[in-house]
Amino acid sequence: MLQNIPNQHMLFFFQQGTKRHFFFFFILVCDPADVISTVEFNQTGEFLATGDKGGRVVIFQREPQGEYNVYSTFQSHEPEFDYLKSLEIEERINKIRWLPLHNPAHFLLATNDKTIKLWKVSERDKRAEGYNLRDEEGRLKDLSTVTTLQVPVLRPMDLLVEASPRRVFANAHAYHINSISVNSDCETYLSADDLRINLWNLNITDRSFNIVDLKPENMEDLSEVITVAEFHPHHCHLLAFSSSTGTTRLCDMRASALCDQHAKLFEEAVDPSHRSFFSEIVSSVSDVKFSHSGRYLLTRDYLAVKVWDLNMENKPVETYQVHDYLRTKLCSLYESDCIFDKFECAWNGTDSVIMTGAYNNYFRMFDRASLRDVTLEASREVCKRRAVLQPRRVCVGKKQKETDVSVDSLDFRKKILHTAWHPKENIIAIAASNNLYIFQDRLTPNGHHNTPEIQSAPPKWQTQPNPPTY
C-alpha cells in the first residue's frame, strides 16, 4: 500500500507484496519473500527501485506533484538449484544499480547470489495495426485471402511499461555476490563475492576478468573476506573494496591487471587495551560509499560510520557513533546473530549529511558541518493522520524524558539495513522489513527547500485524508 502526504512534508508508505497490498492496510505476519533487500535511486532521482527476498523488483516514479507512485513491477530472479554442489540458490535481490540514462529507456542491473541480469524498462503508448500476413490478434492469415498490400499504421494505446531482460551474466562466481558497481566509463561494471572481484563489459556475457583474488592456496589460511566493492564516481581506473578485518583498500587498475596489491590501505589502529572477543567482528565493514565529489570515502561498521580522506590513510577524518550504547550488549547480540547484520550508509547530494540505519526501526543522520545528529523512527505510527515524527533518544541509565527509550527495550528484530538518498534533493528512502518509507524535506512558503542542516525542532509529517491505494 502506498500512502501519500502532499503537505509541506511528504511521507510515502508502500506495503510490499503483490498478493496483499490491494486489500489490507496492515499485515501482522510478514511473508519473508516480501522483505525489502535493497533500495536505489537512479542518477536523476526520478525513479526509485527496490528489490526483495522474493526476487521481485518494484520501480517507483516521481510525479510532477512530488509523489512517488508505482511505475513497474517485475520478477527479476527465480529460485535455482546447483546440482553439482547440491546448493539452493535463493531468488533474493542483493543489489540494484541503475545505468546512466542515454535514451528514453531505463536500464538497471539486478543480482542475486550467483546471477546478474541487465533489465530494460521502457514505455509503449502506440501499437501497430494493419499487418498484411497477420490479423489483429496476431494469428497468421490464409495467404490465399491476401489480395492487396497495406501499410501498417501506429495507433495510440494505453501506456504500457515493459521490463525485459537484455543480458544475463552468470557462472563467474563461486561464492555469493555481495555487491555490484557500474563504472564511470559506462561500459564496464564490477561484481564482488567473498574472495574475488570480477570486471565485466556490459556487452559481453560469456566472460569476465578477475581483478582481485584473495583466495589462498590453502583455505585454512583464509584470514579475511571481501564485504563490499565500489567504483570511484569519476575516475574509471579507481575502485575501493572493504574486508571483514575492518580495512578498506583503494586499487588502481592502471598499475596492473590484477589489483591484489592495493594503492592505498585505509585502516584505523585499535587500542590494545580496548580489544575484546568482539573487536574483529564489529570492525567488519558492511558498506562503502564514495562521496559525490570523489574526495572522501564513507564506511560503515557495526557501531560507527567513518569518513576517510583519500589523501590520508592512517585514520578517518570523522567518526560518528551510531549506537555506542550496544557495547554492553555485544554478547547477547552475538548469540542472536544480530552482530552480523550489515547496515548500509548514504551521503546526501552535497556530501554534507550522512545517514545510516540502526535497530528499533531507527535511522541516524549526522551533519558534518555542525556536528549535530538526530535519531528518527520509521514506523507505521507516522502514517497516521497529522502524526508528528519526533526525534528519538536511547538512554542507557534513567530516563530523562518520557519519550526516551531504554536500551533494554529496543526491538532488535526491527532494523533499518537499507537506505538511499536522492542524488539532488533532500529525499530519503528507508526500508524497514517489508515496508518502504520515503521522506521529503520541508518546503518554505516561497517554494524553496530548507537548508540540508539537521533541524533542532522536530519536523511534522501529516497524512492525506484519503490516500490512494495500489
# chains A, B, ... in the order shown; residues from 1 in each chain; ligands from 1
call {"tool": "closest_atom_pairs", "arguments": {"of": "segment 139-235 of chain A", "to": "segment 271-285 of chain A", "cutoff": "10 Å", "atoms": "only C-alpha atoms", "output": "CSV"}}
result
residue,atom,partner,partner_atom,distance
A:Glu224,CA,A:Ser284,CA,9.6
A:Val225,CA,A:Ser284,CA,9.6
A:Ile226,CA,A:Val285,CA,9.2
A:Thr227,CA,A:Val285,CA,6.7
A:Val228,CA,A:Val285,CA,7.9
call {"tool": "write_last_selection", "arguments": {"atoms": "N, CA, C and O atoms", "output": "PDB file, in the first residue's frame"}}
result
ATOM      1  N   GLU A 224      40.524 -13.213   5.847  1.00  0.00           N
ATOM      2  CA  GLU A 224      39.551 -12.151   5.619  1.00  0.00           C
ATOM      3  C   GLU A 224      38.756 -12.437   4.373  1.00  0.00           C
ATOM      4  O   GLU A 224      39.175 -13.223   3.510  1.00  0.00           O
ATOM      5  N   VAL A 225      37.598 -11.806   4.272  1.00  0.00           N
ATOM      6  CA  VAL A 225      36.757 -11.919   3.090  1.00  0.00           C
ATOM      7  C   VAL A 225      36.341 -10.523   2.653  1.00  0.00           C
ATOM      8  O   VAL A 225      36.322  -9.579   3.445  1.00  0.00           O
ATOM      9  N   ILE A 226      36.010 -10.395   1.374  1.00  0.00           N
ATOM     10  CA  ILE A 226      35.546  -9.119   0.820  1.00  0.00           C
ATOM     11  C   ILE A 226      34.091  -8.914   1.228  1.00  0.00           C
ATOM     12  O   ILE A 226      33.257  -9.822   1.091  1.00  0.00           O
ATOM     13  N   THR A 227      33.781  -7.744   1.724  1.00  0.00           N
ATOM     14  CA  THR A 227      32.413  -7.450   2.149  1.00  0.00           C
ATOM     15  C   THR A 227      31.664  -6.550   1.172  1.00  0.00           C
ATOM     16  O   THR A 227      30.451  -6.673   1.018  1.00  0.00           O
ATOM     17  N   VAL A 228      32.362  -5.627   0.504  1.00  0.00           N
ATOM     18  CA  VAL A 228      31.701  -4.713  -0.433  1.00  0.00           C
ATOM     19  C   VAL A 228      32.761  -4.086  -1.325  1.00  0.00           C
ATOM     20  O   VAL A 228      33.919  -3.919  -0.917  1.00  0.00           O
TER      21      VAL A 228
END
call {"tool": "select_by_dssp", "arguments": {"residues": "segment 47-122 of chain A", "states": "strand (DSSP E or B)", "output": "PyMOL selection string"}}
result
chain A and resi 47-52+56-62+68-75+80-82+87-89+95-98+106-111+116-122
call {"tool": "closest_atom_pairs", "arguments": {"of": "segment 262-345 of chain A", "to": "segment 367-380 of chain A", "cutoff": "12 Å", "atoms": "only C-alpha atoms", "output": "CSV"}}
result
residue,atom,partner,partner_atom,distance
A:Val305,CA,A:Arg368,CA,11.9
A:Lys306,CA,A:Arg368,CA,11.2
A:Val307,CA,A:Arg368,CA,9.7
A:Val317,CA,A:Arg368,CA,10.7
A:Glu318,CA,A:Arg368,CA,8.3
A:Thr319,CA,A:Arg368,CA,10.1
A:Tyr320,CA,A:Asp373,CA,9.1
A:Gln321,CA,A:Asp373,CA,10.1
A:Val322,CA,A:Thr375,CA,9.3
A:His323,CA,A:Thr375,CA,10.2
call {"tool": "atom_distance", "arguments": {"atom1": "atom CA of Glu230 of chain A", "atom2": "atom CA of Val35 of chain A"}}
result
24.4 Å
call {"tool": "closest_residue", "arguments": {"among": "A:Ile204, A:Val121, A:Leu195, A:Leu190", "to": "Ala163 of chain A", "atoms": "only C-alpha atoms"}}
result
A:Val121
